[in-house]
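For reference, start_37.cif (mmCIF, C-alpha atoms):
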```
data_structure
loop_
_atom_site.group_PDB
_atom_site.id
_atom_site.type_symbol
_atom_site.label_atom_id
_atom_site.label_comp_id
_atom_site.auth_asym_id
_atom_site.auth_seq_id
_atom_site.Cartn_x
_atom_site.Cartn_y
_atom_site.Cartn_z
ATOM 1 C CA MET F 1 1.170 -1.716 21.794
ATOM 2 C CA LYS F 2 1.390 0.359 18.644
ATOM 3 C CA LYS F 3 0.453 -1.520 15.483
ATOM 4 C CA ASP F 4 3.526 -3.151 14.022
ATOM 5 C CA ILE F 5 3.728 -1.931 10.447
ATOM 6 C CA PHE F 6 6.041 -3.134 7.707
ATOM 7 C CA LYS F 7 6.625 -0.408 5.189
ATOM 8 C CA ILE F 8 9.005 -0.298 2.222
ATOM 9 C CA GLY F 9 9.091 3.051 0.437
ATOM 10 C CA SER F 10 5.489 4.133 0.621
ATOM 11 C CA GLU F 11 4.040 0.617 0.420
ATOM 12 C CA PHE F 12 2.635 -1.297 3.369
ATOM 13 C CA PHE F 13 2.932 -5.055 3.644
ATOM 14 C CA LYS F 14 0.955 -7.461 5.799
ATOM 15 C CA SER F 15 3.701 -10.048 5.971
ATOM 16 C CA ARG F 16 7.380 -9.583 6.743
ATOM 17 C CA LEU F 17 8.157 -12.664 4.729
ATOM 18 C CA ILE F 18 9.023 -12.327 1.049
ATOM 19 C CA VAL F 19 9.330 -15.591 -0.848
ATOM 20 C CA GLY F 20 11.134 -16.547 -4.018
ATOM 21 C CA THR F 21 9.367 -18.535 -6.726
ATOM 22 C CA GLY F 22 12.315 -20.488 -8.132
ATOM 23 C CA LYS F 23 13.355 -24.147 -7.720
ATOM 24 C CA TYR F 24 9.872 -25.602 -7.172
ATOM 25 C CA LYS F 25 8.705 -28.831 -8.810
ATOM 26 C CA ASN F 26 6.048 -26.964 -10.766
ATOM 27 C CA PHE F 27 3.961 -23.801 -10.662
ATOM 28 C CA LYS F 28 1.180 -25.529 -8.743
ATOM 29 C CA GLU F 29 3.557 -26.272 -5.895
ATOM 30 C CA THR F 30 4.929 -22.720 -6.112
ATOM 31 C CA ALA F 31 1.429 -21.282 -5.742
ATOM 32 C CA GLN F 32 0.546 -23.570 -2.841
ATOM 33 C CA ALA F 33 3.765 -22.736 -0.994
ATOM 34 C CA VAL F 34 3.303 -19.002 -1.546
ATOM 35 C CA LYS F 35 -0.225 -19.252 -0.178
ATOM 36 C CA ALA F 36 0.900 -21.225 2.881
ATOM 37 C CA SER F 37 3.699 -18.719 3.553
ATOM 38 C CA GLY F 38 1.257 -15.830 3.823
ATOM 39 C CA ALA F 39 3.731 -13.663 1.893
ATOM 40 C CA SER F 40 2.366 -10.561 0.210
ATOM 41 C CA MET F 41 5.320 -10.226 -2.142
ATOM 42 C CA VAL F 42 7.171 -12.772 -4.296
ATOM 43 C CA THR F 43 10.370 -12.430 -6.268
ATOM 44 C CA VAL F 44 10.291 -13.345 -9.951
ATOM 45 C CA ALA F 45 12.902 -13.521 -12.688
ATOM 46 C CA VAL F 46 12.796 -12.036 -16.192
ATOM 47 C CA ARG F 47 13.598 -14.490 -18.974
ATOM 48 C CA ARG F 48 13.030 -15.063 -22.682
ATOM 49 C CA VAL F 49 9.635 -16.437 -23.674
ATOM 50 C CA ASN F 50 9.982 -19.951 -25.065
ATOM 51 C CA ILE F 51 8.864 -19.338 -28.633
ATOM 52 C CA LEU F 52 9.019 -23.009 -29.613
ATOM 53 C CA ASP F 53 6.776 -24.376 -26.893
ATOM 54 C CA LYS F 54 3.520 -22.483 -26.986
ATOM 55 C CA LYS F 55 1.902 -24.657 -24.359
ATOM 56 C CA LYS F 56 4.435 -24.022 -21.617
ATOM 57 C CA PRO F 57 2.608 -23.041 -18.404
ATOM 58 C CA LEU F 58 2.908 -19.426 -17.291
ATOM 59 C CA LEU F 59 3.722 -18.293 -13.777
ATOM 60 C CA THR F 60 1.141 -15.518 -14.049
ATOM 61 C CA ASN F 61 -1.595 -18.141 -14.492
ATOM 62 C CA PHE F 62 -0.735 -19.617 -11.097
ATOM 63 C CA LEU F 63 0.196 -16.490 -9.147
ATOM 64 C CA ASN F 64 -2.003 -13.559 -10.027
ATOM 65 C CA PRO F 65 0.136 -10.398 -10.013
ATOM 66 C CA LYS F 66 -2.977 -8.434 -9.123
ATOM 67 C CA LEU F 67 -3.314 -10.362 -5.877
ATOM 68 C CA ILE F 68 0.323 -10.782 -4.896
ATOM 69 C CA LYS F 69 3.004 -8.235 -5.527
ATOM 70 C CA TYR F 70 5.705 -9.320 -7.968
ATOM 71 C CA LEU F 71 9.210 -8.195 -7.124
ATOM 72 C CA PRO F 72 11.239 -8.609 -10.344
ATOM 73 C CA ASN F 73 14.852 -9.560 -9.760
ATOM 74 C CA THR F 74 18.030 -9.398 -11.787
ATOM 75 C CA ALA F 75 19.245 -12.896 -10.977
ATOM 76 C CA GLY F 76 21.919 -14.015 -13.397
ATOM 77 C CA CYS F 77 23.120 -10.468 -14.136
ATOM 78 C CA TYR F 78 26.833 -9.846 -13.685
ATOM 79 C CA SER F 79 26.994 -6.144 -14.503
ATOM 80 C CA ALA F 80 25.133 -2.925 -13.783
ATOM 81 C CA ASP F 81 24.161 -2.644 -17.466
ATOM 82 C CA GLU F 82 22.639 -6.129 -17.671
ATOM 83 C CA SER F 83 20.635 -5.586 -14.509
ATOM 84 C CA LEU F 84 19.391 -2.175 -15.685
ATOM 85 C CA ARG F 85 18.255 -3.721 -18.967
ATOM 86 C CA THR F 86 16.400 -6.466 -17.098
ATOM 87 C CA LEU F 87 14.626 -4.158 -14.682
ATOM 88 C CA ARG F 88 13.591 -1.675 -17.366
ATOM 89 C CA LEU F 89 11.975 -4.583 -19.229
ATOM 90 C CA ALA F 90 10.317 -5.723 -15.994
ATOM 91 C CA ARG F 91 8.894 -2.271 -15.443
ATOM 92 C CA GLU F 92 7.522 -2.232 -18.979
ATOM 93 C CA MET F 93 5.754 -5.503 -18.333
ATOM 94 C CA GLY F 94 3.936 -4.612 -15.204
ATOM 95 C CA GLY F 95 4.467 -0.964 -14.483
ATOM 96 C CA TRP F 96 6.003 -1.957 -11.142
ATOM 97 C CA LYS F 97 8.464 0.367 -9.575
ATOM 98 C CA MET F 98 9.605 -1.902 -6.795
ATOM 99 C CA VAL F 99 12.417 -4.217 -7.854
ATOM 100 C CA LYS F 100 15.144 -6.396 -6.432
ATOM 101 C CA LEU F 101 18.609 -5.513 -7.632
ATOM 102 C CA GLU F 102 21.160 -8.283 -7.502
ATOM 103 C CA VAL F 103 24.398 -7.908 -9.410
ATOM 104 C CA LEU F 104 26.478 -11.004 -9.030
ATOM 105 C CA GLY F 105 30.234 -11.014 -8.994
ATOM 106 C CA ASP F 106 31.232 -14.650 -8.865
ATOM 107 C CA LYS F 107 29.589 -17.805 -10.221
ATOM 108 C CA LYS F 108 30.712 -20.103 -7.421
ATOM 109 C CA THR F 109 29.735 -18.031 -4.402
ATOM 110 C CA LEU F 110 27.113 -15.810 -6.068
ATOM 111 C CA PHE F 111 28.453 -13.019 -3.903
ATOM 112 C CA PRO F 112 27.350 -9.589 -5.064
ATOM 113 C CA ASP F 113 29.607 -7.342 -7.111
ATOM 114 C CA MET F 114 29.212 -4.343 -4.845
ATOM 115 C CA ILE F 115 30.897 -1.869 -7.184
ATOM 116 C CA GLU F 116 28.425 -2.652 -9.972
ATOM 117 C CA THR F 117 25.605 -2.830 -7.410
ATOM 118 C CA LEU F 118 26.293 0.714 -6.220
ATOM 119 C CA LYS F 119 26.468 1.936 -9.820
ATOM 120 C CA ALA F 120 23.150 0.319 -10.753
ATOM 121 C CA THR F 121 21.422 1.527 -7.581
ATOM 122 C CA LYS F 122 22.296 5.118 -8.416
ATOM 123 C CA VAL F 123 20.796 4.873 -11.911
ATOM 124 C CA LEU F 124 17.674 2.995 -10.803
ATOM 125 C CA VAL F 125 16.900 5.512 -8.067
ATOM 126 C CA LYS F 126 17.293 8.299 -10.600
ATOM 127 C CA GLU F 127 14.842 6.526 -12.920
ATOM 128 C CA GLY F 128 12.240 6.348 -10.166
ATOM 129 C CA PHE F 129 12.575 2.691 -9.199
ATOM 130 C CA LYS F 130 12.038 1.589 -5.610
ATOM 131 C CA VAL F 131 15.108 -0.577 -5.231
ATOM 132 C CA LEU F 132 15.595 -3.407 -2.763
ATOM 133 C CA VAL F 133 19.273 -4.238 -2.953
ATOM 134 C CA TYR F 134 20.884 -7.625 -2.396
ATOM 135 C CA CYS F 135 24.294 -6.893 -0.888
ATOM 136 C CA SER F 136 27.164 -8.172 1.179
ATOM 137 C CA ASP F 137 26.917 -7.856 4.972
ATOM 138 C CA ASP F 138 29.308 -4.912 5.063
ATOM 139 C CA PRO F 139 27.857 -2.183 7.327
ATOM 140 C CA LEU F 140 29.568 0.669 5.463
ATOM 141 C CA LEU F 141 28.350 -0.458 2.050
ATOM 142 C CA ALA F 142 24.850 -1.011 3.446
ATOM 143 C CA LYS F 143 24.858 2.580 4.667
ATOM 144 C CA GLU F 144 26.163 3.763 1.310
ATOM 145 C CA LEU F 145 23.206 2.082 -0.425
ATOM 146 C CA GLU F 146 20.890 3.927 1.935
ATOM 147 C CA TYR F 147 22.578 7.242 1.030
ATOM 148 C CA LEU F 148 22.146 6.431 -2.662
ATOM 149 C CA GLY F 149 18.405 6.122 -2.139
ATOM 150 C CA ALA F 150 17.758 2.372 -1.888
ATOM 151 C CA SER F 151 14.288 1.572 -0.503
ATOM 152 C CA ALA F 152 15.600 -1.414 1.424
ATOM 153 C CA VAL F 153 18.943 -3.087 1.959
ATOM 154 C CA MET F 154 19.106 -6.874 1.742
ATOM 155 C CA PRO F 155 22.327 -8.298 3.141
ATOM 156 C CA LEU F 156 23.052 -11.984 2.692
ATOM 157 C CA ALA F 157 23.065 -14.338 5.662
ATOM 158 C CA SER F 158 25.349 -16.757 3.770
ATOM 159 C CA PRO F 159 25.757 -17.688 0.077
ATOM 160 C CA ILE F 160 22.566 -17.828 -2.029
ATOM 161 C CA GLY F 161 20.902 -21.231 -1.889
ATOM 162 C CA SER F 162 23.486 -22.626 0.552
ATOM 163 C CA GLY F 163 21.149 -22.957 3.522
ATOM 164 C CA GLN F 164 24.067 -22.141 5.838
ATOM 165 C CA GLY F 165 22.044 -19.739 7.970
ATOM 166 C CA ILE F 166 23.263 -16.498 9.507
ATOM 167 C CA GLN F 167 27.043 -16.478 9.560
ATOM 168 C CA ASN F 168 27.745 -12.985 10.811
ATOM 169 C CA LYS F 169 25.274 -11.833 13.413
ATOM 170 C CA ILE F 170 27.494 -8.968 14.482
ATOM 171 C CA ASN F 171 27.670 -7.351 11.047
ATOM 172 C CA LEU F 172 23.962 -7.861 10.568
ATOM 173 C CA SER F 173 23.210 -6.258 13.943
ATOM 174 C CA ILE F 174 25.408 -3.262 13.120
ATOM 175 C CA ILE F 175 23.693 -2.843 9.751
ATOM 176 C CA ILE F 176 20.272 -2.961 11.457
ATOM 177 C CA LYS F 177 21.307 -0.536 14.175
ATOM 178 C CA ASN F 178 22.655 2.018 11.687
ATOM 179 C CA ALA F 179 19.805 1.823 9.194
ATOM 180 C CA LYS F 180 16.903 4.175 8.706
ATOM 181 C CA ILE F 181 15.409 2.027 5.932
ATOM 182 C CA PRO F 182 14.201 -1.591 6.129
ATOM 183 C CA ILE F 183 16.827 -4.321 6.380
ATOM 184 C CA ILE F 184 15.730 -7.599 4.876
ATOM 185 C CA VAL F 185 17.914 -10.675 5.179
ATOM 186 C CA ASP F 186 18.209 -12.227 1.751
ATOM 187 C CA ALA F 187 19.999 -15.446 0.872
ATOM 188 C CA GLY F 188 21.391 -18.307 2.888
ATOM 189 C CA ILE F 189 18.564 -18.947 5.331
ATOM 190 C CA GLY F 190 18.320 -22.726 5.733
ATOM 191 C CA THR F 191 15.486 -23.400 8.115
ATOM 192 C CA ALA F 192 12.731 -21.707 10.083
ATOM 193 C CA SER F 193 14.827 -20.996 13.184
ATOM 194 C CA ASP F 194 17.328 -19.032 11.041
ATOM 195 C CA ALA F 195 14.482 -16.716 10.049
ATOM 196 C CA THR F 196 13.431 -16.327 13.672
ATOM 197 C CA ILE F 197 16.987 -15.407 14.636
ATOM 198 C CA ALA F 198 17.151 -12.832 11.836
ATOM 199 C CA MET F 199 13.894 -11.282 13.034
ATOM 200 C CA GLU F 200 15.043 -11.355 16.669
ATOM 201 C CA LEU F 201 18.161 -9.454 15.662
ATOM 202 C CA GLY F 202 15.789 -6.735 14.483
ATOM 203 C CA CYS F 203 15.580 -7.326 10.753
ATOM 204 C CA ASP F 204 12.474 -5.860 9.166
ATOM 205 C CA GLY F 205 11.873 -8.887 6.988
ATOM 206 C CA VAL F 206 13.387 -11.965 5.387
ATOM 207 C CA LEU F 207 13.475 -13.266 1.836
ATOM 208 C CA ILE F 208 13.333 -17.037 1.483
ATOM 209 C CA ASN F 209 13.445 -19.268 -1.565
ATOM 210 C CA SER F 210 15.562 -22.446 -1.406
ATOM 211 C CA ALA F 211 14.787 -23.198 2.257
ATOM 212 C CA ILE F 212 11.124 -23.593 1.298
ATOM 213 C CA ALA F 213 11.427 -24.921 -2.257
ATOM 214 C CA LYS F 214 14.065 -27.518 -1.361
ATOM 215 C CA ALA F 215 12.367 -28.774 1.820
ATOM 216 C CA LYS F 216 10.935 -32.300 1.685
ATOM 217 C CA ASN F 217 7.506 -30.771 2.128
ATOM 218 C CA PRO F 218 7.711 -27.246 0.724
ATOM 219 C CA ILE F 219 4.133 -26.317 1.574
ATOM 220 C CA LEU F 220 4.482 -27.264 5.239
ATOM 221 C CA MET F 221 7.876 -25.525 5.364
ATOM 222 C CA ALA F 222 6.279 -22.384 3.917
ATOM 223 C CA GLU F 223 3.825 -22.327 6.797
ATOM 224 C CA SER F 224 6.658 -22.970 9.217
ATOM 225 C CA PHE F 225 8.468 -19.885 7.882
ATOM 226 C CA LYS F 226 5.320 -17.842 8.205
ATOM 227 C CA ASN F 227 5.167 -18.710 11.903
ATOM 228 C CA ALA F 228 8.924 -18.331 12.387
ATOM 229 C CA VAL F 229 8.909 -14.789 11.028
ATOM 230 C CA ILE F 230 5.896 -13.760 13.102
ATOM 231 C CA SER F 231 7.425 -15.390 16.155
ATOM 232 C CA GLY F 232 10.820 -13.734 15.695
ATOM 233 C CA ARG F 233 9.272 -10.341 15.127
ATOM 234 C CA GLN F 234 7.050 -10.635 18.211
ATOM 235 C CA SER F 235 10.047 -11.725 20.233
ATOM 236 C CA PHE F 236 12.067 -8.725 19.020
ATOM 237 C CA VAL F 237 9.262 -6.260 19.750
ATOM 238 C CA ALA F 238 8.574 -7.869 23.154
ATOM 239 C CA GLY F 239 12.247 -7.537 24.136
ATOM 240 C CA ARG F 240 14.035 -10.565 25.494
ATOM 241 C CA MET F 241 14.992 -11.078 29.138
ATOM 242 C CA GLN F 242 18.503 -10.322 30.321
ATOM 243 C CA LYS F 243 20.946 -13.182 30.376
ATOM 244 C CA LEU F 244 22.193 -14.161 33.846
ATOM 245 C CA PHE F 245 25.357 -16.044 34.648
ATOM 246 C CA TYR F 246 23.795 -18.150 37.441
ATOM 247 C CA ALA F 247 20.350 -19.674 37.957
ATOM 248 C CA ASP F 248 17.378 -17.686 39.185
ATOM 249 C CA ALA F 249 14.562 -19.906 40.548
ATOM 250 C CA SER F 250 11.155 -19.464 38.972
ATOM 251 C CA SER F 251 9.233 -20.613 42.059
ATOM 252 C CA PRO F 252 9.303 -18.431 45.215
ATOM 253 C CA SER F 253 11.312 -19.807 48.155
ATOM 254 C CA LYS F 254 8.924 -18.109 50.612
ATOM 255 C CA GLY F 255 6.423 -20.541 52.187
ATOM 256 C CA LEU F 256 8.515 -23.549 51.305
ATOM 257 C CA ILE F 257 7.532 -26.532 53.505
ATOM 258 C CA MET T 1 10.977 -11.499 -46.491
ATOM 259 C CA ALA T 2 12.925 -10.626 -43.383
ATOM 260 C CA LYS T 3 15.636 -12.584 -41.607
ATOM 261 C CA ILE T 4 15.544 -11.671 -37.968
ATOM 262 C CA GLN T 5 16.810 -12.873 -34.627
ATOM 263 C CA LEU T 6 14.058 -13.658 -32.157
ATOM 264 C CA ASN T 7 15.062 -14.554 -28.603
ATOM 265 C CA GLY T 8 18.477 -15.603 -29.861
ATOM 266 C CA ARG T 9 17.122 -17.768 -32.722
ATOM 267 C CA LYS T 10 17.429 -17.031 -36.404
ATOM 268 C CA ILE T 11 13.987 -16.795 -37.937
ATOM 269 C CA LYS T 12 12.681 -16.095 -41.429
ATOM 270 C CA LEU T 13 9.479 -14.130 -41.797
ATOM 271 C CA ASN T 14 7.727 -14.517 -45.138
ATOM 272 C CA ASN T 15 5.142 -11.807 -44.679
ATOM 273 C CA LYS T 16 5.231 -8.322 -43.346
ATOM 274 C CA TYR T 17 4.906 -8.441 -39.607
ATOM 275 C CA SER T 18 4.268 -5.801 -37.001
ATOM 276 C CA ILE T 19 5.277 -6.586 -33.445
ATOM 277 C CA ALA T 20 1.600 -7.183 -32.677
ATOM 278 C CA THR T 21 1.172 -9.736 -35.459
ATOM 279 C CA LEU T 22 4.452 -11.413 -34.569
ATOM 280 C CA LEU T 23 3.201 -11.919 -31.004
ATOM 281 C CA LYS T 24 -0.025 -13.302 -32.403
ATOM 282 C CA LYS T 25 1.887 -15.727 -34.652
ATOM 283 C CA TYR T 26 3.591 -17.174 -31.578
ATOM 284 C CA LYS T 27 0.373 -17.046 -29.511
ATOM 285 C CA ILE T 28 1.942 -14.710 -26.958
ATOM 286 C CA ASP T 29 -0.308 -12.575 -24.764
ATOM 287 C CA SER T 30 0.986 -9.050 -25.306
ATOM 288 C CA LYS T 31 -0.065 -8.031 -21.816
ATOM 289 C CA LYS T 32 2.215 -10.583 -20.204
ATOM 290 C CA VAL T 33 5.475 -9.762 -21.966
ATOM 291 C CA ALA T 34 7.898 -6.961 -22.683
ATOM 292 C CA VAL T 35 9.499 -6.496 -26.084
ATOM 293 C CA GLU T 36 12.906 -5.166 -26.945
ATOM 294 C CA LEU T 37 13.697 -4.264 -30.553
ATOM 295 C CA ASN T 38 17.383 -3.775 -31.287
ATOM 296 C CA ARG T 39 18.028 -3.120 -27.590
ATOM 297 C CA LYS T 40 15.223 -0.561 -27.295
ATOM 298 C CA ILE T 41 12.160 -1.300 -25.211
ATOM 299 C CA ILE T 42 8.978 -0.930 -27.236
ATOM 300 C CA ASN T 43 5.931 0.368 -25.451
ATOM 301 C CA GLN T 44 2.818 -1.805 -25.767
ATOM 302 C CA SER T 45 0.897 1.004 -27.448
ATOM 303 C CA LYS T 46 3.345 0.853 -30.380
ATOM 304 C CA TYR T 47 3.142 -2.888 -31.122
ATOM 305 C CA LYS T 48 0.746 -2.335 -34.007
ATOM 306 C CA LEU T 49 2.686 0.572 -35.437
ATOM 307 C CA ILE T 50 6.169 -0.878 -35.624
ATOM 308 C CA TYR T 51 7.018 -3.226 -38.498
ATOM 309 C CA ILE T 52 9.826 -5.716 -38.379
ATOM 310 C CA LYS T 53 12.722 -5.217 -40.757
ATOM 311 C CA ASP T 54 15.532 -7.403 -42.029
ATOM 312 C CA ASN T 55 18.282 -8.032 -39.442
ATOM 313 C CA ASP T 56 16.159 -6.858 -36.520
ATOM 314 C CA LYS T 57 17.017 -8.357 -33.171
ATOM 315 C CA ILE T 58 13.960 -8.931 -31.029
ATOM 316 C CA GLU T 59 13.733 -10.085 -27.444
ATOM 317 C CA ILE T 60 10.416 -11.088 -25.899
ATOM 318 C CA VAL T 61 10.601 -11.670 -22.164
ATOM 319 C CA HIS T 62 8.224 -12.587 -19.367
ATOM 320 C CA PHE T 63 8.244 -13.381 -15.676
ATOM 321 C CA ILE T 64 9.234 -16.841 -14.518
ATOM 322 C CA GLY T 65 9.970 -18.318 -11.107
ATOM 323 C CA GLY T 66 13.058 -16.928 -9.424
ATOM 324 C CA GLY T 67 14.571 -16.067 -6.071
#
```
Written form, structure tokens:
Amino acid sequence: MKKDIFKIGSEFFKSRLIVGTGKYKNFKETAQAVKASGASMVTVAVRRVNILDKKKPLLTNFLNPKLIKYLPNTAGCYSADESLRTLRLAREMGGWKMVKLEVLGDKKTLFPDMIETLKATKVLVKEGFKVLVYCSDDPLLAKELEYLGASAVMPLASPIGSGQGIQNKINLSIIIKNAKIPIIVDAGIGTASDATIAMELGCDGVLINSAIAKAKNPILMAESFKNAVISGRQSFVAGRMQKLFYADASSPSKGLI
Amino acid sequence: MAKIQLNGRKIKLNNKYSIATLLKKYKIDSKKVAVELNRKIINQSKYKLIYIKDNDKIEIVHFIGGG
């Protein structure tokens, strides 16, 4: 078998699992979970430095950006302008070109504002960013993002942080089938089997945060996701058996006593 | 003296501060942050050259955990 390579833009990644670093008890737990997940990329948010508390621990002291790739996000941004501002600052901080664009449209569902998302994607691509775009599971819009020059398209499985799993396998499958760039399921994955299903559908990767951070044992769950993603990918590459309507005995009937 | 807005807070500076000395005052590692002065991103190489003026609005950001 040919080596199974995961490539976004011109970058190669060992793991098809990307993990978020939010919602953990503390940075120590975040670092342990990231390690157990085997992820080679983590999402991070850009926020104001707390100028009053000089002793506040720093994420960079627990997760070395030289050892694990930081994927800055635009979480909390509700317009193209806000997200552009955030990502330009992120680029200044680390010189990274690869970013996660997420322009939200509604506080309750955290569904993406696709009009603003398309606008921001266009500008970011023009400015040389490698953009991974959080989006709705609309096959036409996913294709449009590809045309605009996104490096990867990241449709939601269900609302962010809901843990509802994959709600529209058909749309996701159509998006995967039509795409020439990586499709990464982002948002809504609740447990390891959801990730396996996403990978079996043919996704190139998955992005997980809450399902690990909010598990009773986040570190064990991180390892579980690592295995689930590998398992799902292997299953997809191996190609599943055909479904039959009736039974088909596994033991030969020949030589039966 | 300069009255400025730093990360959304009103602050009074009694001495003349460059961006570099302001970061030092707050014990912020300049390599781990990005600075915006009046909505314009300031490149790290200019921190020592740019002095803070009255009414400046400064944002200092860094990476935190997020999904």
Once you add 4 Å to each side, what are the centre and edge lengths of the axis-aligned box holding all listed atoms of segment 49-63 of chain T? One decimal in Å, as lines of an AutoDock Vina configuration file, if you can.
```
center_x = 10.5
center_y = -6.4
center_z = -28.9
size_x = 23.6
size_y = 22.0
size_z = 34.4
```
Got a sec to pull out which chain T residues are within 12 Å of chain F, counting all atoms listed in the file, and send them as an mmCIF file with C-alpha atoms, keeping the file's coordinate frame?
```
data_model
loop_
_atom_site.group_PDB
_atom_site.id
_atom_site.type_symbol
_atom_site.label_atom_id
_atom_site.label_comp_id
_atom_site.auth_asym_id
_atom_site.auth_seq_id
_atom_site.Cartn_x
_atom_site.Cartn_y
_atom_site.Cartn_z
ATOM 1 C CA GLN T 5 16.810 -12.873 -34.627
ATOM 2 C CA LEU T 6 14.058 -13.658 -32.157
ATOM 3 C CA ASN T 7 15.062 -14.554 -28.603
ATOM 4 C CA GLY T 8 18.477 -15.603 -29.861
ATOM 5 C CA ARG T 9 17.122 -17.768 -32.722
ATOM 6 C CA LYS T 10 17.429 -17.031 -36.404
ATOM 7 C CA ILE T 11 13.987 -16.795 -37.937
ATOM 8 C CA LEU T 22 4.452 -11.413 -34.569
ATOM 9 C CA LEU T 23 3.201 -11.919 -31.004
ATOM 10 C CA LYS T 24 -0.025 -13.302 -32.403
ATOM 11 C CA LYS T 25 1.887 -15.727 -34.652
ATOM 12 C CA TYR T 26 3.591 -17.174 -31.578
ATOM 13 C CA LYS T 27 0.373 -17.046 -29.511
ATOM 14 C CA ILE T 28 1.942 -14.710 -26.958
ATOM 15 C CA ASP T 29 -0.308 -12.575 -24.764
ATOM 16 C CA SER T 30 0.986 -9.050 -25.306
ATOM 17 C CA LYS T 31 -0.065 -8.031 -21.816
ATOM 18 C CA LYS T 32 2.215 -10.583 -20.204
ATOM 19 C CA VAL T 33 5.475 -9.762 -21.966
ATOM 20 C CA ALA T 34 7.898 -6.961 -22.683
ATOM 21 C CA VAL T 35 9.499 -6.496 -26.084
ATOM 22 C CA GLU T 36 12.906 -5.166 -26.945
ATOM 23 C CA LEU T 37 13.697 -4.264 -30.553
ATOM 24 C CA ARG T 39 18.028 -3.120 -27.590
ATOM 25 C CA LYS T 40 15.223 -0.561 -27.295
ATOM 26 C CA ILE T 41 12.160 -1.300 -25.211
ATOM 27 C CA ILE T 42 8.978 -0.930 -27.236
ATOM 28 C CA ASN T 43 5.931 0.368 -25.451
ATOM 29 C CA GLN T 44 2.818 -1.805 -25.767
ATOM 30 C CA SER T 45 0.897 1.004 -27.448
ATOM 31 C CA ILE T 58 13.960 -8.931 -31.029
ATOM 32 C CA GLU T 59 13.733 -10.085 -27.444
ATOM 33 C CA ILE T 60 10.416 -11.088 -25.899
ATOM 34 C CA VAL T 61 10.601 -11.670 -22.164
ATOM 35 C CA HIS T 62 8.224 -12.587 -19.367
ATOM 36 C CA PHE T 63 8.244 -13.381 -15.676
ATOM 37 C CA ILE T 64 9.234 -16.841 -14.518
ATOM 38 C CA GLY T 65 9.970 -18.318 -11.107
ATOM 39 C CA GLY T 66 13.058 -16.928 -9.424
ATOM 40 C CA GLY T 67 14.571 -16.067 -6.071
#
```
Determine, counting all atoms listed in the file, which protein, DNA and RNA residues have an atom within 9 Å of an atom of segment 169-178 of chain F; residues of the same chain fewer than 2 positions away are not included. Present the result as a ChimeraX atom specification. /F:137-140,142-143,155-157,166-167,180-183,185,198,201-204
For C-alpha atoms, I'd like the residues from the last selection saved as a short mmCIF file (atom, residue, chain, number, x, y, z; two decimals), in the coordinates of the input.
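Result file selection_23.cif:
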```
data_model
loop_
_atom_site.label_atom_id
_atom_site.label_comp_id
_atom_site.auth_asym_id
_atom_site.auth_seq_id
_atom_site.Cartn_x
_atom_site.Cartn_y
_atom_site.Cartn_z
CA ASP F 137 26.92 -7.86 4.97
CA ASP F 138 29.31 -4.91 5.06
CA PRO F 139 27.86 -2.18 7.33
CA LEU F 140 29.57 0.67 5.46
CA ALA F 142 24.85 -1.01 3.45
CA LYS F 143 24.86 2.58 4.67
CA PRO F 155 22.33 -8.30 3.14
CA LEU F 156 23.05 -11.98 2.69
CA ALA F 157 23.06 -14.34 5.66
CA ILE F 166 23.26 -16.50 9.51
CA GLN F 167 27.04 -16.48 9.56
CA LYS F 180 16.90 4.18 8.71
CA ILE F 181 15.41 2.03 5.93
CA PRO F 182 14.20 -1.59 6.13
CA ILE F 183 16.83 -4.32 6.38
CA VAL F 185 17.91 -10.68 5.18
CA ALA F 198 17.15 -12.83 11.84
CA LEU F 201 18.16 -9.45 15.66
CA GLY F 202 15.79 -6.74 14.48
CA CYS F 203 15.58 -7.33 10.75
CA ASP F 204 12.47 -5.86 9.17
#
```
Applying the PyMOL selection byres ((chain T and resi 19) around 8) to the file I just gave you, which residues come out? Please list them as a ChimeraX atom specification. /T:17-18,20-23,47-52
Work out how far atom CA of Val229 of chain F is from atom CA of Pro65 of chain F, in Å to one decimal. 23.2 Å
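The nearest approach to Glu82 of chain F among the residues F:Ala120, F:Ile115, F:Leu148, F:Ile5, with only C-alpha atoms taken into account, belongs to F:Ala120.
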Applied to this file, what does the PyMOL selection byres ((chain F and resi 234) around 12) return in terms of residues, put as a PyMOL selection string? chain F and resi 1+3-4+16+196-197+199-204+227-233+235-240
I need the residues from that last selection saved to file as a compact mmCIF listing (two decimals), keeping the file's coordinate frame (with C-alpha atoms), if you can.
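Output contents, as saved in again-v6.txt:
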```txt
# COMPACT_ATOMS: atom_id res chain seq x y z
CA MET F 1 1.17 -1.72 21.79
CA LYS F 3 0.45 -1.52 15.48
CA ASP F 4 3.53 -3.15 14.02
CA ARG F 16 7.38 -9.58 6.74
CA THR F 196 13.43 -16.33 13.67
CA ILE F 197 16.99 -15.41 14.64
CA MET F 199 13.89 -11.28 13.03
CA GLU F 200 15.04 -11.36 16.67
CA LEU F 201 18.16 -9.45 15.66
CA GLY F 202 15.79 -6.74 14.48
CA CYS F 203 15.58 -7.33 10.75
CA ASP F 204 12.47 -5.86 9.17
CA ASN F 227 5.17 -18.71 11.90
CA ALA F 228 8.92 -18.33 12.39
CA VAL F 229 8.91 -14.79 11.03
CA ILE F 230 5.90 -13.76 13.10
CA SER F 231 7.42 -15.39 16.16
CA GLY F 232 10.82 -13.73 15.70
CA ARG F 233 9.27 -10.34 15.13
CA SER F 235 10.05 -11.72 20.23
CA PHE F 236 12.07 -8.72 19.02
CA VAL F 237 9.26 -6.26 19.75
CA ALA F 238 8.57 -7.87 23.15
CA GLY F 239 12.25 -7.54 24.14
CA ARG F 240 14.04 -10.56 25.49
```
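The space separating atom CA of Lys122 of chain F from atom CA of Cys77 of chain F comes to 16.6 Å.
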